[in-house]
Amino acid sequence: MSTNVRGPLLAILLVLVTGLLLAGQTSQTPPTSAPAPAGAMGAHMGGSPEAHLQMLSEKLNLTDDQKAKLKPILQDEAQQLKAVRDDASLSPEQKHAKMKAIHESLHDQINGVLTPEQQAKWKQMKQEGMEKHKGMKENEMDHH
């Protein structure tokens, strides 16, 4: 695979993996709105910033101080992603590039709040999610 394809592919995988992680966490709660269409980049991580924070809190055992620091970061990210999705002047490639940059910034900010142990677990969670998604994508490709 050429390197100019690998970067965007990883960004898509990261978005979808995080969504998969959240979907597993939020599936016990009743949906508060209609689900987004399958494959829509607009279904950012499968839920609200609050659901994302809840998942991170449970998986990483966040302190109240860490939750307080992460909540505005996650809310800001959701607003930025919505603005990108709603910007009809951007091509799909431009939207993808902007969303990738937003996610990279988010992950840097999250790491800044976490302890070294939590950072290691967060990195492992992202890696496991990407591997799970990669397997799902390969199965999907086999059926086409």
# chains A, B, ... in the order shown; residues from 1 in each chain; ligands from 1

$ residues_around --residues "Lys95 (chain A)" --least-positions-apart "4" --cutoff "10 Å" --atoms "only C-alpha atoms" --output "PyMOL selection string"
chain A and resi 41+81+83-91+99-101

$ residues_around --residues "Thr115 (chain A)" --least-positions-apart "3" --cutoff "10 Å" --atoms "only C-alpha atoms" --output "list in words"
Leu60, Leu62, Gln66, Asn111, Gly112, Gln118, Gln119, Ala120 and Lys121 of chain A

$ write_last_selection --atoms "C-alpha atoms" --output "compact mmCIF listing (two decimals), in the first residue's frame"
# COMPACT_ATOMS: atom_id res chain seq x y z
CA LEU A 60 -9.27 4.38 31.96
CA LEU A 62 -10.47 8.68 35.19
CA GLN A 66 -9.47 14.38 34.57
CA ASN A 111 -2.83 12.20 26.33
CA GLY A 112 -1.92 15.47 28.05
CA GLN A 118 -3.63 5.55 31.36
CA GLN A 119 -1.77 6.68 28.22
CA ALA A 120 -0.49 3.13 27.71
CA LYS A 121 -4.00 1.70 28.12

$ closest_residue --among "A:Lys82, A:Lys69, A:Lys59, A:Lys134" --to "Val113 (chain A)" --atoms "only C-alpha atoms"
A:Lys69

$ closest_residue --among "A:Leu70, A:Asp65, A:Gln75, A:Gln109" --to "Pro49 (chain A)" --atoms "only C-alpha atoms"
A:Gln75
